[in-house]
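Shown next, in structure tokens, is the structure this report addresses.
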Amino acid sequence: MQDRIPGELDYPLNRRIGKKSADKIEKQLGITTVGQLLLHVPRRYMERGELTRISEIPFDEEVTLIARVQSNNSRRMQTRKGMIVEITVTDDDDAGALGLLHLTFFNGYGALKDLQPGTRAMFSGKVGIYKHQLTLTNPNYVLLSDEADDEEEAKRPIPVYPATAKLTSWEIKTTIDLLLDSLQTERLRDPIPQAIRSREHLMGVADAFNAIHRPAAIEDAYKARHRFRYEEALVLQTALARRH
């Protein structure tokens with residue numbers, strides 16, 4: 001869903017988020033405008049209270065998952081200076097070893113402090129296998145509190161974006177939140193006429209962007225996704241009609 005809405009969404013990213021952040025997004029995702037990034041939609045959503053089924057995560061791919069720390073320990077490296085921090089996380093399933101993921105951090109002093117047993121966090125990295133165990137080496141992570149200050153925020157689904165090893169899903173979310181907060185909605189042009197939106201019970205474009213990136217409930221995200229798919233079909237049909 002790219003390059004369809006003129007106006008506000010045509011702005012170069014560097015004019016909204018700064019050159020450094022914009023250059024990183026362009027290098028990792030090939031995205032250069034506000035509209036292209038807002039149309040880089042989540043591939044799925046996770047409920048804040050749920051844990052990802054570890055037995056179902058794909059091997060040799062970049063993944064984002066929520067898990068709970070089961071154990072935390074460190075040991076000195078034998079062949080060089082420094083230490084290795086080993087964290088085991090679980091999905092609280094009754095799948096035994098299939099419900100465990102082993103994380104390794106080299107000189108991971110921060111991970112040793114942050115990832116205490118019982119802590120719930122979102123992890124991002126490439127899944128590998130070591131000694132017949134699923135592993136993530138030096139994964140990125142962000143801690144998730146079980147006691148949210150904002151009850152409504154605690155109920156919001158977490159969007160998971162197509163990401164890369166050097167640009168995590170939550171970095172993309174943070175940037176998109178900044179764009180949404182600064183978006184000049186009065187300058188947005190909606191490709192779907194009001195009459196059609198009313199007839200088909202579709203969201204307006206500004207509401208759809210908010211609903212797909214930070215839905216209050218998972219149903220809002222699905223409604224927004226339906227709206228953008230309808231838009232794609234309408235734009236395509238209009239282009240074909242003009243060609244004929």
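By convention here, the chains of the structure tokens are called A, B, ... in the order presented, each chain's residues are numbered starting at 1, and ligands are numbered starting at 1 in the order presented.
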Fill in: In range 135-227 of chain A, DSSP alpha helix (DSSP H) residues written as an MDAnalysis selection string
chainID A and resid 151:155 169:182 194:200 205:213 218:227
Discussion item. Which residues are close to Leu37 in chain A, i.e. within 12 Å by only C-alpha atoms, leaving aside same-chain residues fewer than 2 positions away? Reply as JSON, numbers by chain.
Written reply: {"A": [1, 2, 3, 9, 10, 11, 12, 13, 14, 16, 17, 22, 25, 26, 28, 29, 30, 31, 32, 33, 34, 35, 39, 40, 41, 42, 161, 162, 172, 173, 174, 175, 176, 177, 178, 179, 180, 209, 213]}
Produce a file of the selected residues containing C-alpha atoms, as a PDB file, in the first residue's frame.
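Writing done, so here's out-v2.pdb:
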```
ATOM      1  CA  MET A   1       0.000   0.000   0.000  1.00  0.00           C
ATOM      2  CA  GLN A   2       2.300   2.742  -1.228  1.00  0.00           C
ATOM      3  CA  ASP A   3       2.282   6.145  -3.004  1.00  0.00           C
ATOM      4  CA  LEU A   9       1.796  12.276   2.848  1.00  0.00           C
ATOM      5  CA  ASP A  10       4.230  13.322   0.109  1.00  0.00           C
ATOM      6  CA  TYR A  11       6.507  15.090   2.612  1.00  0.00           C
ATOM      7  CA  PRO A  12      10.038  13.657   2.784  1.00  0.00           C
ATOM      8  CA  LEU A  13      10.621  11.826   6.044  1.00  0.00           C
ATOM      9  CA  ASN A  14      13.685  13.907   6.889  1.00  0.00           C
ATOM     10  CA  ARG A  16       9.381  15.219   9.875  1.00  0.00           C
ATOM     11  CA  ILE A  17      11.762  13.000  11.843  1.00  0.00           C
ATOM     12  CA  ALA A  22      15.104   9.149   7.912  1.00  0.00           C
ATOM     13  CA  ILE A  25      14.601   3.999   7.516  1.00  0.00           C
ATOM     14  CA  GLU A  26      15.476   4.568   3.866  1.00  0.00           C
ATOM     15  CA  GLN A  28      16.574  -0.523   5.936  1.00  0.00           C
ATOM     16  CA  LEU A  29      13.120  -0.271   4.337  1.00  0.00           C
ATOM     17  CA  GLY A  30      13.576   1.778   1.161  1.00  0.00           C
ATOM     18  CA  ILE A  31      11.008   4.288   2.462  1.00  0.00           C
ATOM     19  CA  THR A  32      11.474   8.040   1.923  1.00  0.00           C
ATOM     20  CA  THR A  33       8.118   9.788   2.518  1.00  0.00           C
ATOM     21  CA  VAL A  34       5.608  10.193   5.327  1.00  0.00           C
ATOM     22  CA  GLY A  35       2.946   8.371   3.336  1.00  0.00           C
ATOM     23  CA  LEU A  39       1.412   2.700   4.725  1.00  0.00           C
ATOM     24  CA  HIS A  40       4.060   0.312   6.101  1.00  0.00           C
ATOM     25  CA  VAL A  41       1.378  -1.418   8.113  1.00  0.00           C
ATOM     26  CA  PRO A  42       1.747  -4.025  10.892  1.00  0.00           C
ATOM     27  CA  TYR A 161       5.864  -4.423  11.814  1.00  0.00           C
ATOM     28  CA  PRO A 162       7.908  -5.959   9.013  1.00  0.00           C
ATOM     29  CA  ILE A 172       9.264   1.669  13.594  1.00  0.00           C
ATOM     30  CA  LYS A 173       6.275   2.069  15.929  1.00  0.00           C
ATOM     31  CA  THR A 174       7.930   4.938  17.806  1.00  0.00           C
ATOM     32  CA  THR A 175       8.608   6.776  14.554  1.00  0.00           C
ATOM     33  CA  ILE A 176       5.090   6.188  13.233  1.00  0.00           C
ATOM     34  CA  ASP A 177       3.609   7.457  16.519  1.00  0.00           C
ATOM     35  CA  LEU A 178       5.608  10.680  16.047  1.00  0.00           C
ATOM     36  CA  LEU A 179       4.269  11.044  12.521  1.00  0.00           C
ATOM     37  CA  LEU A 180       0.685  10.457  13.607  1.00  0.00           C
ATOM     38  CA  PHE A 209      -4.176   5.509   9.929  1.00  0.00           C
ATOM     39  CA  HIS A 213      -1.129   1.725  13.847  1.00  0.00           C
TER      40      HIS A 213
END
```
Worksheet entry | Arg156 in chain A surroundings by only C-alpha atoms, 7 Å radius, close-in-sequence under 5 positions cut, as a list in words | Pro215, Ala216 and Ala217 of chain A
For the selection just defined, write its residues with all heavy atoms to a file, as a compact mmCIF listing (two decimals), in the first residue's frame.
```
# COMPACT_ATOMS: atom_id res chain seq x y z
N PRO A 215 -4.43 0.77 17.39
CA PRO A 215 -5.84 0.46 17.63
C PRO A 215 -6.15 0.37 19.11
O PRO A 215 -5.35 -0.12 19.90
CB PRO A 215 -6.02 -0.89 16.95
CG PRO A 215 -4.65 -1.51 16.99
CD PRO A 215 -3.70 -0.37 16.81
N ALA A 216 -7.35 0.84 19.48
CA ALA A 216 -7.81 0.68 20.86
C ALA A 216 -8.18 -0.77 21.12
O ALA A 216 -8.06 -1.27 22.23
CB ALA A 216 -9.00 1.59 21.14
N ALA A 217 -8.62 -1.46 20.05
CA ALA A 217 -8.96 -2.88 20.12
C ALA A 217 -8.60 -3.51 18.78
O ALA A 217 -8.52 -2.82 17.76
CB ALA A 217 -10.45 -3.06 20.42
```
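Taking only C-alpha atoms into account, Ile87 in chain A lies nearest to A:Leu136 out of the set A:Val127, A:Ala221, A:Ile192, A:Leu136.
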Worksheet item: In range 34-215 of chain A, what's strand (DSSP E or B) per DSSP? Answer as number ranges by chain?
Response: A: 44-46, 62-76, 83-90, 100-106, 120-130, 133-137, 140-144, 158-160, 164, 167, 188
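Among the candidates A:Val142, A:Leu38, A:Lys20, A:Ile84, the residue lying nearest to Arg68 in chain A is A:Val142 (atoms considered: only C-alpha atoms).
Minimum atom-to-atom distance to Lys27 in chain A, evaluated using only C-alpha atoms, belongs to A:Lys166 out of A:Lys166, A:His132, A:Arg44, A:Lys81.
In this model, the gap between CA of Thr164 in chain A and CA of Pro139 in chain A comes to 12.0 Å.
Distances here use only C-alpha atoms; by that measure, the residue among A:Asn140, A:Gln78, A:Ser55, A:Gln36 closest to Leu101 in chain A is A:Ser55.
Between CA of Leu98 in chain A and CA of Arg120 in chain A there is a distance of 18.4 Å.
You can rank A:Glu62, A:Glu56, A:Glu86, A:Asp220 by their closest distance to Phe105 in chain A using only C-alpha atoms, and at the top of that list sits A:Glu86.
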